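S.K.: Starting off with a structure, shown below.
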Amino acid sequence: MESKKPLIFYGAGRYAESHLHQWIKKGICPACFADIDEKKHFHQITLKGVSPEGGTGYDILPLNEAIKRYPDYEIFISASYDFPLIMDYLLDKGIERTRFYRLQSGSKWCPVLGTDFIIHGPGVQTCCRVGAFCLPSKGNIIDDLKQYKSYCDFLINQLNDDNGLYTPCEDCYMLCDGKNRNEDKIKTVNLSSGLPGGDHCNFTCVYCVYGKEFNHYRRDDNVSEIFQYLQENIKPEHIAYACGEITISPYRDRILQLWKENKLKGQILTNAAIYNQDIFDLLATGQISINCSIDAGTRETFEKIKGKDCYYKVLDNLEKYASSGGKIQLKYILLNGINSNEHDIMGFIQFSKKIGAEVVLSPDNRKSNEKMSHDEYDLFMRFINCCKQYEINYSIIEAYSPEDLDAISEV
Ligand code: SF4
């Protein structure tokens, strides 16, 4: 599927740098990069072991300069999250659709495309994988659902078309061969941070990507209205509530009541600093599980990461929740040099064992798209071996790349 025309890669960010090797291996090679960010112009992207013809790296140019240099060009969008925005931008700039790089391969499909709906302050997403796309919010749930549906249809059509556009889905390990087999129905909804009324938190975790930007996003609706609309109109099989800290949301009681009355299934993310009886009741009926990111096994490290000295309070509340018999997941975001010592790892493992919790391991989410360092890889291995030794069920999320995930899974 090598293109005969010079390819201008549009997007010279982290996604492009981390995927360039993979694209070149597939025969998709840039003539140059183009980017909207002036600070990147006339710099280069270099790749160890790869020397482009006549140089040491690939030039990053303003779009018009790149087109002047390669008038017979095709465009390859080398970005993921901003893919929809970039495509619209390029079409607005008068780039013909025929200029977009197309595949010549059989049809593909993704098991979550069109069935998983993620909504947060900035917009809606089709999935939470490395190749995820974000559509900027239209400000209300009705229009956001419409644009989500039409974008999923667009992606499904590209994947079904033997000559479809190359989208970041092509780089994703979720992609399978064959025609789309998904029903036209949203099954899983994820309410995530930054939605009005779901933008409260009593911690200041060092890795929080929303942090001070809470309240930054403008919508006409709030998290409770969105929750109710989805429950009445979509009736998903599973709702994940990861929208700030639910126990201090002004809509806490309304949302938990709806959850109980409608017998919804799902998961609630909580920091467990405040105990809530409705959460206990939902755990006891098996309607929900909870996921709590502790990230530490000592009081000192907990305070350093979370900005609050309430480690023992959190452990007490988690023990109470565990007594419901419901499913508890404890998350550990591996922060090399902060919580990578034996005391923290063992403290966390022993507590997880004590309350019968499952462990969820995650790399530092601020570094997604980067390749895992040697130290981080060792840390993952140590942690996984401890889980095995103590016979604790564990899972790994948000790994840096499919290769890293494969390497870890082999242990
Ligand atoms: S193929 Fe991957 S990137 Fe595309 S929608 Fe599916 S999970 Fe997301």
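All residue names refer to the structure tokens as shown: chains lettered A, B, ... in order, residues numbered from 1 in each chain, ligands numbered from 1 in order.
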Using only C-alpha atoms and all ligand atoms, which residues have at least one atom no more than 6 Å from ligand 1? Output them as a list in words.
M.R.: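 What falls inside 6 Å of ligand 1 is Cys110, Val112, Leu113, Thr126, Cys127, Arg129, Gly131, Ala132, Pro168, Cys169, Cys172, Met174 and Leu175 of chain A.
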S.K.: Taking the DSSP assignment computed from this structure's backbone, write out as an MDAnalysis selection string all residues of region 169-357 of chain A that belong to helix (DSSP H, G or I).
M.R.: chainID A and resid 169:171 211:213 223:233 246:248 252:261 277:284 299:306 311:322 342:355
S.K.: Name all residues at most 8 Å from region 196-205 of chain A (count only C-alpha atoms; drop same-chain ones fewer than 2 positions away) and give them as a list in words.
M.R.: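 Using only C-alpha atoms, the neighbours found are Gly121, Ser193, Gly194, Tyr207, Cys208, Gly211, Phe214, Asn215, Tyr217, Arg218, Arg219, Asp221, Asn222, Val223, Ser224, Cys243, Gly244, Glu245, Ile246, Ile248, Ser249, Pro250, Tyr251, Ile305, Lys306, Gly307 and Lys308 of chain A.
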S.K.: Please indicate the distance in Å from CA of Lys68 (chain A) to CA of Pro52 (chain A), rounded to one decimal place.
M.R.: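 Result for CA of Lys68 (chain A) versus CA of Pro52 (chain A): 19.3 Å, one decimal.
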S.K.: Please identify the strand (DSSP E or B) residues within region 286-392 of chain A (assignment by DSSP from backbone atoms) and present them as an MDAnalysis selection string.
M.R.: chainID A and resid 288:293 328:334 358:363
S.K.: Would you save the residues of that selection, restricted to C-alpha atoms, as a compact mmCIF listing (two decimals), in the first residue's frame?
M.R.:
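Written output follows (result_11.txt):
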```txt
# COMPACT_ATOMS: atom_id res chain seq x y z
CA ILE A 288 -22.04 -1.27 40.62
CA SER A 289 -18.40 -1.84 41.32
CA ILE A 290 -16.16 0.94 42.54
CA ASN A 291 -12.73 1.93 41.34
CA CYS A 292 -10.48 3.87 43.69
CA SER A 293 -7.06 5.12 42.71
CA ILE A 328 -13.76 -3.18 44.56
CA GLN A 329 -10.98 -2.23 42.16
CA LEU A 330 -7.94 -0.47 43.53
CA LYS A 331 -5.87 1.42 41.04
CA TYR A 332 -2.16 2.14 41.21
CA ILE A 333 -0.77 4.67 38.78
CA LEU A 334 2.92 3.86 38.64
CA GLU A 358 -8.80 -6.42 42.27
CA VAL A 359 -5.78 -4.38 41.25
CA VAL A 360 -5.69 -2.12 38.22
CA LEU A 361 -2.26 -1.01 37.09
CA SER A 362 -1.77 2.08 35.02
CA PRO A 363 1.24 3.97 33.72
```
S.K.: So that I can check the surroundings of region 380-389 of chain A, please list as a ChimeraX atom specification every protein, DNA and RNA residue that reaches within 12 Å of it, counting only C-alpha atoms and ignoring chain neighbours fewer than 5 positions away.
M.R.: /A:332-336,339-342,344-353,357-364,372-375,394-397,399,404-405,407-411
S.K.: Nearest to Ile338 (chain A) among A:Ile67, A:Cys134, A:Ile77, A:Val206, with distances taken over only C-alpha atoms: which residue is it?
M.R.: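 Of A:Ile67, A:Cys134, A:Ile77, A:Val206, the one nearest Ile338 (chain A), counting only C-alpha atoms, is A:Val206.
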S.K.: Env of Glu183 (chain A): 10 Å cut, atoms = only C-alpha atoms, seq-sep filter 5 positions within chain, self excluded. Answer as JSON, numbers by chain.
M.R.: {"A": [111, 114, 115]}
S.K.: Write a file of the selected residues as a compact mmCIF listing (two decimals), in the first residue's frame, keeping C-alpha atoms.
M.R.:
```
# COMPACT_ATOMS: atom_id res chain seq x y z
CA PRO A 111 -15.81 -4.00 18.38
CA GLY A 114 -20.32 3.08 17.76
CA THR A 115 -21.06 1.05 20.91
```
S.K.: In terms of the shortest atom-to-atom distance over only C-alpha atoms, which of A:Glu74, A:Asp59, A:Asp161, A:Glu38 is closest to Ile8 (chain A)?
M.R.: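 Closest residue, counting only C-alpha atoms: A:Glu74.
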S.K.: What separation in Å, quoted to one decimal, exists between CA of Gly286 (chain A) and CA of Ile268 (chain A)?
M.R.: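 For CA of Gly286 (chain A) relative to CA of Ile268 (chain A), the distance reads 12.3 Å.
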